[in-house]
Every structure is written in structure tokens, then in C-alpha cells.
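Heads up, the thing below is written out as C-alpha cells.
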Amino acid sequence: MGYTSLYVLCMFLFVWPYSGLAQGNGTISVSSFLTAADQATLWYSPSGDFAFGFRKVQDQFLLSIWYDKIPDKTIVWFVNDGTTVPAGSKVQLTTDRGLVLTDTQGKELWRSEPLSGTASRGVFNDTGNFMIFGSSWTKLWDSFSNPIDTLLPAQTMEVNGTLNSRLTETNFTKGKFQLRLLENGNLVLNSRDILTDHVYGAYYRSQTNDINPSNQGYQVKYSTAGYMYIAKRNGDIVNLTTNGAIPSTGYYHRATLTFDGVLVQYYHPKDSTGTSKWISVWQIPVNICLDVRGDTGSGACGFNSVCRLDEARRADCECPESYSLLDPNDTHGSCKPNFAQNCDDNGSSEKLYDLVEITDTDWPFSDYEQLKPISEIECRRHCLNDCFCAVAIYRGDSCWKKKLPLSKGRKDRAVNGKAFLKFSKGDLPPEHRRGGDNPIYPEKNDKRTLIVVFSVLLGSSVFVNFILIAVVGFGFSYIYHKKKKNSQHANDSVETNVCRFTNKELVEATNGFKQQLGRGSFGIVYKGVIQMSSTVIVAVKKIDSLAQDGAREFKTEVNVIAQTHHKNLVRLVGFCEEEQHRLLVYEYMVNGTLASLIFSREKPSWALRNHIALGIAGGLAYLHEECSTQIIHCDIKPQNILLDEYYNARISDFGLAKLLMLNQSRTSTGIRGTKGYVAPEWFRNIPITVKVDVYSFGVLLLEIICCRRSVENLEFGEKAILTDWVWDCFQDGRMIELLENDEDILSEWEKVETFVIVGIWCIQEDPSLRPTMRKVIQMLEGVVHVPDPPCPSPFRSTST
Ligand SMILES: *[C@@H]1O[C@H](CO)[C@@H](O)[C@H](O)[C@H]1NC(C)=O
Ligand SMILES: *[C@@H]1O[C@H](CO)[C@@H](O)[C@H](O)[C@H]1NC(C)=O
């Protein structure tokens, strides 16, 4: 018999209907067994929807459960941590150990544990659950209680339950993502270190945790109708399936933690037409590429990789130019550079390496140096000549140098700025390298070798492409610089480096003030696009409440603001002053306000909050002490702190307080600032100093730590006023209560404690007791001792 007829026979066997082998009622009697082989027997649920048995994975077999009636026979459960077993391995239902998986030598590889009794039968029913019963129908074990990466309708995940993603779409061993229902009731998604199982910060949190146990979530339920929700102990439910219309009859369902870290609920028509596939109902997180944050771990893709959200809103990972996959089979794994910059190359970097500009791309957690102010050319030059620099991001007038391995790379339209990635000019396919002595790298200053190498290489199309790219790149940069020069002439800049716009220009830029970004104390802010040397997205603030005689003051203030340069301040791009029109044009901050970050359902990681708090402190210290004219902000609050694409805090609305205080005595209408954040001296006859900002910063710091507003409604009881509650907790030594529902923060407890105490120092009623912002930074950074603070409001008439 030839190979062809063998093949036909196999095909025939493959399509042979299974019903003849099915168990009918789904009952499996003790000592039944299955053997891993190409056309082996399977156990089926009564309807035949689910099959249990060995599935071929590459050349081996995986003991698993799958949807059997759809073409791709989707696996929903498997054993042995996803490790495949050789042909001839066996699974048997035994009385003492339940299901036992053994290899060809009879060595036990896996068993159904824990088994709480002596097994008398197995039942594989139409929910897809494989159950083992003892005598008198006591359930001893079931697959639903031991989920792997998928939940099915009728399945429940209890506290401490975990789903683990697989490594790749086709490798079932444990991957790097987890869905966990924590002891405190929170459902979280996190990545982990594969080697040690160390858990990284969560990138999704359901916020179903609570100090009060009865308000905690305790089960993730998947109803038979296909709805998923978190059940709380008090009977409340929190829906995970937010989409109303889920088809139930006629559809299969599942929710799977995909290998790239997204929890997706799917359905699939039962009558498969061949083209039908799993359809996503909802998924978390919203954007896996942007949501996985933090300093450690590689992110949704591997190190040096770039994550882009595909149409299915899943992670599409790609190695950047001149990088290639470490493991060619692991598309979501790490990338390695195809070259290594040698730090002994001194002087010849520009000959050996070059930078390629890539768009909308960033690795926000790999910085090691920031240069500012600096031109784009200089930024490129600095990276090119720095053997540590793998990529430079240029944005505004800042240059961030980044080191290997690059982590949490993302390509997204929300990413602003230009990325210049280093590559080796010698990074050409191996067929172009000749001999062992690597002629690609010419000797220093040896023009002759260089020419020889060039002429050898010119014949190759790859090299021609390189030249083409270089020529085109040069052409573009030439045009760019010409345009830049022209536009600089066109914009009349008044003794500062900010542009002056006409009202008409800004009407056009904002499309007639169409898209409102927010409303500040000085007027409404609109989104706009300005064509300068490149297209710049801006936030245009229309000042509506300017005092009558504020015209001259406006220009003075614009000058003061324009002279500020700090990485934690929002940069002024330009302004407009024309008749009654007064507008300020700021750089646009992609990540919105701090308020929306810390008061959202998902708490940002402690590392990020720490970074933001220090950033705000740095910006304030600069305004108070370092810029040429001292600036008191007077309205520090989370709505006035914006976040750039690196989640750096950027203070906005500074330098304007004076404009509104003109001719205003300090009556209650003259109070600048916002309820909950204003220092007590505004209400008293005490001079207003920079210490009013320190007070507001203190309140803000406590909000950042606790991720809640400083004033909440009365439902919060004793916790309604954050500053009072924090002091009470501090005084009673129960500060841990502040963070009860924040598992991320507990490991940093000492640091958090310091932050709380610094916050209490800042909110002292007596301004002289409050530290300066410089001191605040030292205390937050832990370089000076932080003594215990006195009661912030000794004169407070307590209403208790
Ligand atoms: C599956 O088994 C469970 C537990 O015995 C039972 O409650 C459920 O009704 C069964 N479901 C189906 C569809 O057979
Ligand atoms: C899956 O990945 C693991 C870890 O890299 C490897 O040891 C194993 O051989 C892979 N399994 C398959 C079936 O490729």
C-alpha cells in the first residue's frame, strides 16, 4: 500500500462519525480508559457538543476538553499544565485517584486532585464539565473547579481562583498572563514572571474589593444564558457582560484569557457554515498595548517588541526594524537587535550606525536620560553617538534617550513625538558579509576600504534600498528644515519663544471651537491642530473671565509663562491677543487629567502614582523657587494636572492667578482655588504665599495615595473628608485602613506611610509649619528624615 492510499484511509477515519463511539449518556464507568493515538476513542457529552480525550498538538497529545461540533474544535480545558504527552499515553478513571494520566511506561504524569473520596463514576455533561462522583452522587472533583484559561456557561470561579493564559496560540504551557479573583474580592488581570511566578502590577481591576467583607466580590459567575458577572457576598452583582444582546439558544459560549492577556467573552453559532467563527461580546482591558504599565516586565509583547492593537483589539506584536524575533516561532516574544553597538567604537559611531524614524511608536518605560531644551538634530546626534542609546524620542523640545531592552513598546495614534531607532549600517543579510573578518565594518578613517565595500555592495538590491532610504530621508529632512525656517519667520514671536496667532488662525485650528476638552477656571479649553513645522495637536484655552484692565497684565503673564521650562509643566505653544480675544495655546496632553486617572475604576499602579506625585512636586518647586519670576499657582487640584504620553505629571493653568486677582480684594469671591483644596489663610488675614500651593499639594497627595476625592458625600461617614480621616487614621495607628483595598500598594507600605505623613505636614493650618516644595521632594524621596506631624488643624472645632 502506497503512501497515497494510507493518506486516504487516514482521511476517511478522520471524518468517520464519532457517534458510534460516544458514551450515550455521558457516564464513564470506573477503569474506562483512553489512549493517545491518531484516531483514538473519545468520551463525549450526551449531546456530543463536547469531547474529552487526547488532542494532537504537533507530534504529541494533550488531554483536553473541546467543542467538538465546530470546525476548529476549540479547546476549553486541558491538563498537565499544558505539557503534551507522547502517543501511547493513557488516561484512566480509577477509584482511588480519579482520572490518572500515565505515559507509555506507566509513570503518572497528572491526576485529578484533590479527590475527596472514592470514585464510583465519571459524568461528562452537556455544560462541558467533567465530574467525578463517589457513591451516592457526592461530587469528588470536577473540571469546572479547576479552570485553565477558559470559563464556560454554568461555571463559577471562586475567591483565589485563577485563569492562566497559554504561552502562545498553539503552545498550551502556562503563559505570562493571569486572571485572579483575589481574597479581597477584586477581579484582576496581571502579568507575571514565568520563571518565578512573581506577579506584576494589575492592568485591570474590577474594583469589587471593599473593607467591609459583605461588600466584597466572591464569585465570578457565568450564567447558562451567557451572562458574566461578579457576585458580591451581600447579594449585589457587578456585570462583566455589559453588552445587552447575547444570543443564548443556538450558540456556544466561552470566555477565554487569550495568550496575549485579553479576557474575551465569545459566542459561536452552533450550525457552523464553515466560515462561522467565535465572535467577541466584550473584552478587557480596553487596550492591552497601552494598559500594561510599570517598570518591570516586558508588557503585552516581549522585550524590544512593539505592540499594536489589531482589528480584534488584540495585541499584534512586531519587532522594530533591525530587530528580529528571539524565538522565530514566538511571534509575541522578545526581539533581539541584529547588531550590538560596541562602546569602543568611539568617534566612528556615525559611520557605523544610523537612525531610522518610526512613527507613532514609543517605549515609555525605558528612559535613562532626558535632554531639554534641545533640537531634533541634536537629539539624533546625541543618541547616535551614545553607545547606550537604542532609541531616542523627540517631542516638544525634549529628547528622551532609551536603553535596551526596550519594554512595553506600543504603536498607537495616541503616541506623540518622533522615535529615532538606531540600526547598524552593517546589519545586512549574511550573504553580503564576506570572510571572517567582517568587511562591512571599515577601519576607522579608511576611506579606501569604505569605497571597496560600497562598490561590492552596490549590486545588491538590499543595499540599493538602503541608499534610497537614505537619499529620501535626507531629502525630507532638508525640506523639513526649510519649512521650519520659513515658519519661524512667519510667526512673530514677542521676545519669547512662543508663537503669536491671530484669532482667525485659532478658529481654523479648532474647527470653529468645536471639540471641547474641558472647562477651567479661566474659560473653556478646545482641541485644535496647528500646522507649524509639523502638525501639532494643541489645547486652546479661551480666556473669558479676564478683568477689564487685564490687557497689559495678560501680555506680562504670557511672557512669564513663556519663560518657564520644566518637564512637569504644560508648555505654552503660543497665544492670541486681538481686541477682546485672548487665547492661550498649549501642547495637548494625550493622557488627560490626573483626576480621570486616579478617580477611575481602575487604580493606577503605585509606581505610577509615586512617579506622578514626585513630578507634581518637582513642577511646583520649580514655579516657587527656580523660575525667574516666582509663580504661585493658587489652584492645584487633580483637574489641573495633566498627563503626557509618558504619564509624566504636567501642571497646567499656572501663571494666571494674578490676572484674575486684579483689583479684587480678598473677599470670598476673590478666593482663587477650589473647595477642598484651598488653604485656610484665604479665609484669614494672613498673607498669601507659596505655602497655599503646598497645602493644595498635600490634599492632592492624599488623593493620589488613596485614589479618592478629598471630599466625598455623606455615605462615606467618618471618611467623607479625606484630610480629617487621614489624620484620624494616623493618630489611631490604623493607617493601613487607608489602603485596605489596594493590594498593589501594600508591598510598598513604608514608602506609602512616608507619603501619608508628608501629606499631613503639607496640610498644616499654620502655613509656617508646612514644608517648602523642595523639602517635600526630599522627604518623598526619602533623603531626609520625616518626623511625626502635629495635628493639622489644632483649632478645628470638632463636631463629634
Ligand atoms: C450537569 O451536571 C450538573 C451537576 O450534576 C447538573 O446540575 C446540570 O443540570 C447538568 N447539566 C446538563 C446540561 O446536563
Ligand atoms: C512550549 O513551550 C515550552 C517552553 O518554551 C517548551 O518547553 C515546549 O516544548 C513547547 N511545547 C510545544 C508543544 O511546542
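Identifiers in the C-alpha cells: chain A, B, ... in order shown; residue index from 1 per chain; ligand index from 1 in order shown.
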> Residues at most 8 Å from ligand 2, using only C-alpha atoms and all ligand atoms? Could they come as a ChimeraX atom specification?
Replying inline: /A:57-60,83-84,167-168,170-173
With N, CA and C atoms kept, could you save the residues just selected as a short mmCIF file (atom, residue, chain, number, x, y, z; two decimals), in the first residue's frame?
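File selection-v2.cif, as written:
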data_model
loop_
_atom_site.label_atom_id
_atom_site.label_comp_id
_atom_site.auth_asym_id
_atom_site.auth_seq_id
_atom_site.Cartn_x
_atom_site.Cartn_y
_atom_site.Cartn_z
N VAL A 57 -1.33 17.69 19.29
CA VAL A 57 -0.71 19.01 19.26
C VAL A 57 0.72 18.79 18.76
N GLN A 58 0.98 19.31 17.60
CA GLN A 58 2.22 18.99 16.90
C GLN A 58 2.39 17.46 16.85
N ASP A 59 3.46 16.89 17.36
CA ASP A 59 3.60 15.44 17.22
C ASP A 59 3.14 14.69 18.46
N GLN A 60 2.62 15.44 19.43
CA GLN A 60 2.24 14.78 20.67
C GLN A 60 0.77 14.98 20.97
N THR A 83 1.44 20.57 29.18
CA THR A 83 2.55 19.80 28.61
C THR A 83 1.99 18.62 27.83
N THR A 84 2.44 18.46 26.61
CA THR A 84 1.92 17.38 25.77
C THR A 84 2.59 16.06 26.13
N LEU A 167 0.94 29.91 26.59
CA LEU A 167 2.14 30.62 26.18
C LEU A 167 1.96 31.27 24.81
N THR A 168 1.44 30.50 23.88
CA THR A 168 1.15 31.04 22.56
C THR A 168 -0.16 30.41 22.12
N THR A 170 -0.67 28.11 20.15
CA THR A 170 -0.58 26.66 19.97
C THR A 170 0.28 25.96 21.01
N ASN A 171 0.92 26.70 21.89
CA ASN A 171 1.67 26.06 22.97
C ASN A 171 0.88 26.29 24.26
N PHE A 172 0.44 25.18 24.87
CA PHE A 172 -0.52 25.28 25.96
C PHE A 172 0.13 25.45 27.33
N THR A 173 1.45 25.44 27.40
CA THR A 173 2.07 25.62 28.71
C THR A 173 1.78 27.03 29.22
#
> Do you know which residues are within 8 Å of ligand 1 using only C-alpha atoms and all ligand atoms? Can you write them as a ChimeraX atom specification?
Replying inline: /A:123-127,129,131
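Counting only C-alpha atoms, A:Pro269 has the following residues at most 8 Å away, ignoring those fewer than 3 positions along the same chain: Gly250, Tyr251, Tyr252, Ser272, Ser276, Lys277 and Trp278 of chain A.
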Store the residues picked out above, limited to N, CA, C and O atoms, as a PDB file, in the first residue's frame.
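Saved as out_37.pdb:
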ATOM      1  N   GLY A 250     -28.890  28.220  20.364  1.00  0.00           N
ATOM      2  CA  GLY A 250     -28.301  28.211  19.028  1.00  0.00           C
ATOM      3  C   GLY A 250     -26.859  28.685  19.003  1.00  0.00           C
ATOM      4  O   GLY A 250     -26.256  28.778  17.947  1.00  0.00           O
ATOM      5  N   TYR A 251     -26.303  29.002  20.171  1.00  0.00           N
ATOM      6  CA  TYR A 251     -24.914  29.481  20.201  1.00  0.00           C
ATOM      7  C   TYR A 251     -24.107  28.800  21.302  1.00  0.00           C
ATOM      8  O   TYR A 251     -24.626  28.493  22.365  1.00  0.00           O
ATOM      9  N   TYR A 252     -22.849  28.594  21.015  1.00  0.00           N
ATOM     10  CA  TYR A 252     -21.906  28.161  22.042  1.00  0.00           C
ATOM     11  C   TYR A 252     -21.265  29.399  22.650  1.00  0.00           C
ATOM     12  O   TYR A 252     -21.174  30.445  21.995  1.00  0.00           O
ATOM     13  N   SER A 272     -22.518  25.405  12.200  1.00  0.00           N
ATOM     14  CA  SER A 272     -21.358  26.030  11.589  1.00  0.00           C
ATOM     15  C   SER A 272     -21.445  25.913  10.086  1.00  0.00           C
ATOM     16  O   SER A 272     -21.751  24.850   9.557  1.00  0.00           O
ATOM     17  N   SER A 276     -18.163  30.387   9.823  1.00  0.00           N
ATOM     18  CA  SER A 276     -18.545  30.987  11.101  1.00  0.00           C
ATOM     19  C   SER A 276     -17.403  30.861  12.107  1.00  0.00           C
ATOM     20  O   SER A 276     -16.644  29.894  12.083  1.00  0.00           O
ATOM     21  N   LYS A 277     -17.300  31.847  12.947  1.00  0.00           N
ATOM     22  CA  LYS A 277     -16.218  31.800  13.927  1.00  0.00           C
ATOM     23  C   LYS A 277     -16.672  32.409  15.244  1.00  0.00           C
ATOM     24  O   LYS A 277     -17.800  32.882  15.375  1.00  0.00           O
ATOM     25  N   TRP A 278     -15.779  32.390  16.204  1.00  0.00           N
ATOM     26  CA  TRP A 278     -16.086  32.958  17.511  1.00  0.00           C
ATOM     27  C   TRP A 278     -16.195  34.474  17.392  1.00  0.00           C
ATOM     28  O   TRP A 278     -15.335  35.109  16.811  1.00  0.00           O
TER      29      TRP A 278
END
> What lies within 6 Å of A:Ile763 using only C-alpha atoms, ignoring chain neighbours under 3 positions off, as a list in words?
Replying inline: Tyr695, Gly698 and Ile760 of chain A
>> Please determine, counting only C-alpha atoms, which residue among A:Asn234, A:Trp43, A:Ser298, A:Ser120 has the shortest atom-to-atom distance to A:Arg192.
In response: A:Ser298
